[in-house]
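This report refers to the structure that appears directly beneath it.
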Amino acid sequence: MDLNMSLELKIQKSFTIIELLVVIAIIAILAGLLFPMLGKARDKAKKTSCINNLRQLGIAVNTYAGNNTEILPMAVRIGTGPDDPMAINNMLEMQSKRAFECPADIEKNYDGKTFFEKYGSSYEWNAWLSGRKIDKSEIGLQNLQISVPMMGDSSNYHGKFGRNYLYSDGSVKESLEVLIE
């Protein structure tokens, strides 16, 4: 093989600057399309983790009621702090208090703390149900049964994905049928 032929092969195998810039532009466009999808997937994963936490709390509430003649805890809606004995997070027996923390509860709007850090729970207890029998957590109005949630997100942590609400049957739904007052 002569020297001219090997130089021609080397020249033909290299990329031009324009080709390289086109490839970089295509990669940038694909990355720009991918990053918003990754953010949505991360937010949806946080909501799913929050739903799982509420399901665990539902099991704990049902266990509490089972041990107390089917009576729900006498708890306040939100405790005065993480150690408030009347707060739901101190009435339920849980291996870890992290079940009371929604992973999307990250904004430090409460004296420089998240809602969980300030109150010990990212969720509010429906104080209207305190001391009632667990099977009486529905309201009947003219042949219509309305389920009342026991607990729910204390804030709209999940944005457009909506809030989560725990019902006495242990289900967690994104819809609120009766407001927690």
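Going by the structure tokens order, chains are called A, B, ..., each with residues numbered from 1, while ligands are numbered from 1 in the order shown.
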Which residues, written as an mmCIF file with N, CA and C atoms, in the first residue's frame, have at least one atom at most 10 Å from Glu124 of chain A, with only C-alpha atoms counted and residues fewer than 2 positions away on the same chain left out?
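Once written, selection_31.cif looks like this:
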data_model
loop_
_atom_site.group_PDB
_atom_site.id
_atom_site.type_symbol
_atom_site.label_atom_id
_atom_site.label_comp_id
_atom_site.auth_asym_id
_atom_site.auth_seq_id
_atom_site.Cartn_x
_atom_site.Cartn_y
_atom_site.Cartn_z
ATOM 1 N N VAL A 76 -55.611 15.052 67.821
ATOM 2 C CA VAL A 76 -55.852 16.380 67.250
ATOM 3 C C VAL A 76 -55.504 16.343 65.763
ATOM 4 N N ARG A 77 -56.009 17.308 65.024
ATOM 5 C CA ARG A 77 -55.760 17.360 63.578
ATOM 6 C C ARG A 77 -54.264 17.447 63.287
ATOM 7 N N ILE A 78 -53.601 18.407 63.932
ATOM 8 C CA ILE A 78 -52.155 18.588 63.802
ATOM 9 C C ILE A 78 -51.630 18.832 65.207
ATOM 10 N N GLY A 79 -50.609 18.134 65.600
ATOM 11 C CA GLY A 79 -50.021 18.351 66.918
ATOM 12 C C GLY A 79 -49.279 19.680 66.981
ATOM 13 N N ALA A 87 -50.993 14.096 69.225
ATOM 14 C CA ALA A 87 -50.818 13.986 67.772
ATOM 15 C C ALA A 87 -50.863 12.518 67.366
ATOM 16 N N ILE A 88 -51.390 12.266 66.190
ATOM 17 C CA ILE A 88 -51.556 10.894 65.709
ATOM 18 C C ILE A 88 -50.220 10.169 65.579
ATOM 19 N N ASN A 89 -49.152 10.896 65.270
ATOM 20 C CA ASN A 89 -47.853 10.242 65.120
ATOM 21 C C ASN A 89 -47.315 9.683 66.432
ATOM 22 N N PHE A 100 -44.617 8.658 58.647
ATOM 23 C CA PHE A 100 -45.394 9.889 58.756
ATOM 24 C C PHE A 100 -44.838 11.006 57.872
ATOM 25 N N TYR A 119 -44.043 19.404 62.769
ATOM 26 C CA TYR A 119 -45.170 18.785 63.474
ATOM 27 C C TYR A 119 -45.040 17.280 63.697
ATOM 28 N N SER A 121 -45.422 14.970 61.404
ATOM 29 C CA SER A 121 -46.196 14.231 60.411
ATOM 30 C C SER A 121 -46.471 15.133 59.209
ATOM 31 N N SER A 122 -46.379 14.569 58.015
ATOM 32 C CA SER A 122 -46.747 15.296 56.797
ATOM 33 C C SER A 122 -48.239 15.182 56.529
ATOM 34 N N ASN A 126 -58.070 13.425 60.699
ATOM 35 C CA ASN A 126 -59.415 13.984 60.662
ATOM 36 C C ASN A 126 -59.987 13.916 62.083
ATOM 37 N N ALA A 127 -59.858 15.009 62.829
ATOM 38 C CA ALA A 127 -60.263 15.041 64.236
ATOM 39 C C ALA A 127 -61.763 14.782 64.411
ATOM 40 N N MET A 150 -59.744 9.413 56.895
ATOM 41 C CA MET A 150 -59.183 9.488 58.241
ATOM 42 C C MET A 150 -57.970 10.415 58.269
ATOM 43 N N MET A 151 -57.175 10.347 57.223
ATOM 44 C CA MET A 151 -55.953 11.152 57.136
ATOM 45 C C MET A 151 -55.769 11.607 55.702
ATOM 46 N N GLY A 152 -54.977 12.656 55.545
ATOM 47 C CA GLY A 152 -54.645 13.124 54.204
ATOM 48 C C GLY A 152 -53.403 13.991 54.225
ATOM 49 N N ASP A 153 -52.867 14.242 53.041
ATOM 50 C CA ASP A 153 -51.719 15.142 52.922
ATOM 51 C C ASP A 153 -52.078 16.483 53.556
ATOM 52 N N SER A 154 -51.167 17.038 54.326
ATOM 53 C CA SER A 154 -51.450 18.321 54.982
ATOM 54 C C SER A 154 -51.336 19.488 54.014
ATOM 55 N N SER A 155 -50.714 19.261 52.866
ATOM 56 C CA SER A 155 -50.556 20.296 51.860
ATOM 57 C C SER A 155 -50.564 19.627 50.493
ATOM 58 N N TYR A 165 -55.506 10.682 50.205
ATOM 59 C CA TYR A 165 -56.384 10.571 51.362
ATOM 60 C C TYR A 165 -56.547 9.107 51.752
ATOM 61 N N ILE A 180 -61.685 17.765 55.111
ATOM 62 C CA ILE A 180 -61.258 17.649 56.507
ATOM 63 C C ILE A 180 -61.332 19.033 57.115
#
Which polymer residues have any atom within 7 Å of an atom of segment 40-56 of chain A, counting only C-alpha atoms, with same-chain residues fewer than 6 positions away left out, as a PyMOL selection string? chain A and resi 99-100+102-104+158+164+166+170-172
Could you save those same residues with N, CA and C atoms as a short mmCIF file (atom, residue, chain, number, x, y, z; two decimals), in the first residue's frame?
data_model
loop_
_atom_site.label_atom_id
_atom_site.label_comp_id
_atom_site.auth_asym_id
_atom_site.auth_seq_id
_atom_site.Cartn_x
_atom_site.Cartn_y
_atom_site.Cartn_z
N ALA A 99 -42.71 6.77 58.35
CA ALA A 99 -43.98 6.52 57.67
C ALA A 99 -44.86 7.76 57.70
N PHE A 100 -44.62 8.66 58.65
CA PHE A 100 -45.39 9.89 58.76
C PHE A 100 -44.84 11.01 57.87
N CYS A 102 -44.07 12.40 54.15
CA CYS A 102 -44.25 12.31 52.70
C CYS A 102 -42.93 12.72 52.04
N PRO A 103 -42.41 11.92 51.10
CA PRO A 103 -41.15 12.27 50.47
C PRO A 103 -41.19 13.59 49.70
N ALA A 104 -42.37 14.05 49.34
CA ALA A 104 -42.50 15.32 48.62
C ALA A 104 -42.62 16.51 49.57
N HIS A 158 -48.00 17.20 45.94
CA HIS A 158 -47.83 16.52 44.66
C HIS A 158 -48.31 17.34 43.47
N ASN A 164 -53.31 12.94 48.52
CA ASN A 164 -53.66 11.56 48.88
C ASN A 164 -54.51 11.57 50.14
N LEU A 166 -56.45 8.83 53.05
CA LEU A 166 -56.60 7.49 53.60
C LEU A 166 -58.01 7.32 54.14
N GLY A 170 -58.77 1.24 54.55
CA GLY A 170 -57.36 1.08 54.23
C GLY A 170 -56.98 1.55 52.85
N SER A 171 -57.97 1.97 52.07
CA SER A 171 -57.67 2.43 50.72
C SER A 171 -57.14 3.87 50.75
N VAL A 172 -56.33 4.18 49.78
CA VAL A 172 -55.81 5.53 49.61
C VAL A 172 -56.26 6.00 48.24
#
Please report, as a tab-separated table, each residue of segment 116-170 of chain A lying at most 12 Å from segment 61-64 of chain A, together with the nearest pair of atoms and the separation in Å rounded to one decimal; use only C-alpha atoms, and order rows by chain and ascending residue number.
residue	atom	partner	partner_atom	distance
A:Trp125	CA	A:Val61	CA	10.7
A:Leu129	CA	A:Val61	CA	11.8
A:Ser130	CA	A:Val61	CA	11.3
A:Gly131	CA	A:Tyr64	CA	11.6
A:Lys133	CA	A:Asn62	CA	10.8
A:Ile134	CA	A:Asn62	CA	7.9
A:Asp135	CA	A:Asn62	CA	10.5
A:Met150	CA	A:Val61	CA	9.0
A:Met151	CA	A:Val61	CA	10.0
A:Leu166	CA	A:Val61	CA	10.3
A:Tyr167	CA	A:Val61	CA	10.3
A:Ser168	CA	A:Asn62	CA	7.6
A:Asp169	CA	A:Asn62	CA	8.5
A:Gly170	CA	A:Asn62	CA	7.9
Store the residues of this selection in a file with C-alpha atoms, as a tab-separated table (two decimals), in the first residue's frame.
chain	number	residue	atom	x	y	z
A	125	TRP	CA	-55.68	13.46	61.15
A	129	LEU	CA	-63.46	10.91	63.58
A	130	SER	CA	-61.61	10.94	66.92
A	131	GLY	CA	-63.15	8.55	69.42
A	133	LYS	CA	-66.11	3.57	65.96
A	134	ILE	CA	-64.11	2.78	62.87
A	135	ASP	CA	-67.19	1.48	61.05
A	150	MET	CA	-59.18	9.49	58.24
A	151	MET	CA	-55.95	11.15	57.14
A	166	LEU	CA	-56.60	7.49	53.60
A	167	TYR	CA	-60.03	5.93	54.24
A	168	SER	CA	-61.07	3.57	57.04
A	169	ASP	CA	-61.10	0.54	54.75
A	170	GLY	CA	-57.36	1.08	54.23
Would you give me, as number ranges by chain, the residues in segment 36-81 of chain A that DSSP reads as alpha helix (DSSP H)? A: 36-67
Store the residues picked out above, limited to N, CA and C atoms, as a compact mmCIF listing (two decimals), in the first residue's frame.
# COMPACT_ATOMS: atom_id res chain seq x y z
N PRO A 36 -37.46 16.54 31.23
CA PRO A 36 -38.79 16.77 31.82
C PRO A 36 -39.51 15.45 32.16
N MET A 37 -39.32 14.45 31.33
CA MET A 37 -39.95 13.16 31.61
C MET A 37 -39.36 12.53 32.87
N LEU A 38 -38.06 12.70 33.08
CA LEU A 38 -37.44 12.16 34.29
C LEU A 38 -37.96 12.89 35.53
N GLY A 39 -38.18 14.20 35.43
CA GLY A 39 -38.73 14.97 36.55
C GLY A 39 -40.13 14.51 36.90
N LYS A 40 -40.96 14.27 35.87
CA LYS A 40 -42.32 13.78 36.11
C LYS A 40 -42.28 12.39 36.74
N ALA A 41 -41.38 11.55 36.27
CA ALA A 41 -41.26 10.20 36.84
C ALA A 41 -40.83 10.27 38.30
N ARG A 42 -39.92 11.19 38.63
CA ARG A 42 -39.47 11.35 40.01
C ARG A 42 -40.63 11.83 40.90
N ASP A 43 -41.42 12.79 40.40
CA ASP A 43 -42.56 13.29 41.17
C ASP A 43 -43.61 12.21 41.37
N LYS A 44 -43.85 11.41 40.35
CA LYS A 44 -44.82 10.32 40.45
C LYS A 44 -44.31 9.26 41.44
N ALA A 45 -43.01 9.02 41.46
CA ALA A 45 -42.44 8.06 42.41
C ALA A 45 -42.63 8.55 43.85
N LYS A 46 -42.47 9.86 44.07
CA LYS A 46 -42.69 10.41 45.41
C LYS A 46 -44.14 10.24 45.83
N LYS A 47 -45.07 10.46 44.90
CA LYS A 47 -46.49 10.28 45.21
C LYS A 47 -46.79 8.83 45.54
N THR A 48 -46.21 7.91 44.80
CA THR A 48 -46.40 6.49 45.06
C THR A 48 -45.86 6.11 46.44
N SER A 49 -44.71 6.66 46.80
CA SER A 49 -44.14 6.40 48.13
C SER A 49 -45.04 6.98 49.22
N CYS A 50 -45.62 8.14 48.96
CA CYS A 50 -46.55 8.76 49.91
C CYS A 50 -47.79 7.88 50.09
N ILE A 51 -48.30 7.34 49.00
CA ILE A 51 -49.46 6.43 49.07
C ILE A 51 -49.11 5.21 49.91
N ASN A 52 -47.92 4.68 49.72
CA ASN A 52 -47.47 3.53 50.51
C ASN A 52 -47.40 3.89 52.00
N ASN A 53 -46.89 5.08 52.32
CA ASN A 53 -46.85 5.52 53.72
C ASN A 53 -48.25 5.58 54.32
N LEU A 54 -49.20 6.14 53.57
CA LEU A 54 -50.57 6.23 54.08
C LEU A 54 -51.18 4.84 54.26
N ARG A 55 -50.87 3.91 53.38
CA ARG A 55 -51.37 2.53 53.55
C ARG A 55 -50.82 1.91 54.83
N GLN A 56 -49.54 2.15 55.11
CA GLN A 56 -48.95 1.65 56.35
C GLN A 56 -49.64 2.29 57.55
N LEU A 57 -49.92 3.57 57.47
CA LEU A 57 -50.61 4.25 58.57
C LEU A 57 -52.04 3.71 58.71
N GLY A 58 -52.66 3.36 57.59
CA GLY A 58 -53.99 2.76 57.64
C GLY A 58 -53.99 1.44 58.39
N ILE A 59 -52.96 0.64 58.16
CA ILE A 59 -52.82 -0.63 58.89
C ILE A 59 -52.65 -0.35 60.38
N ALA A 60 -51.83 0.66 60.70
CA ALA A 60 -51.59 1.01 62.11
C ALA A 60 -52.87 1.53 62.78
N VAL A 61 -53.65 2.34 62.07
CA VAL A 61 -54.91 2.84 62.63
C VAL A 61 -55.89 1.69 62.85
N ASN A 62 -55.99 0.79 61.88
CA ASN A 62 -56.89 -0.36 62.03
C ASN A 62 -56.43 -1.28 63.16
N THR A 63 -55.13 -1.43 63.35
CA THR A 63 -54.61 -2.21 64.47
C THR A 63 -54.96 -1.54 65.78
N TYR A 64 -54.79 -0.22 65.84
CA TYR A 64 -55.14 0.54 67.04
C TYR A 64 -56.61 0.33 67.38
N ALA A 65 -57.47 0.47 66.36
CA ALA A 65 -58.91 0.30 66.58
C ALA A 65 -59.23 -1.13 67.00
N GLY A 66 -58.56 -2.10 66.40
CA GLY A 66 -58.78 -3.50 66.77
C GLY A 66 -58.42 -3.77 68.22
N ASN A 67 -57.43 -3.08 68.74
CA ASN A 67 -57.01 -3.25 70.13
C ASN A 67 -57.81 -2.40 71.11
Enumerate as a PyMOL selection string all residues of segment 139-173 of chain A assigned to strand (DSSP E or B) by DSSP on the backbone, naming them with the chain letters and numbers the document uses. chain A and resi 139-141+144-147+151-153+165-166+172-173
Quick one, how far is atom CA of Glu174 of chain A from atom CA of Pro85 of chain A?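 Between atom CA of Glu174 of chain A and atom CA of Pro85 of chain A the gap works out to 28.9 Å.
Using only C-alpha atoms, the nearest neighbour of Glu117 of chain A within the list A:Gly159, A:Pro82, A:Glu93, A:Ser147 is A:Pro82.
Among the candidate residues A:Glu19, A:Ile24, A:Lys118, A:Phe161, the one lying nearest to Ile106 of chain A is A:Lys118, with distances computed using only C-alpha atoms.
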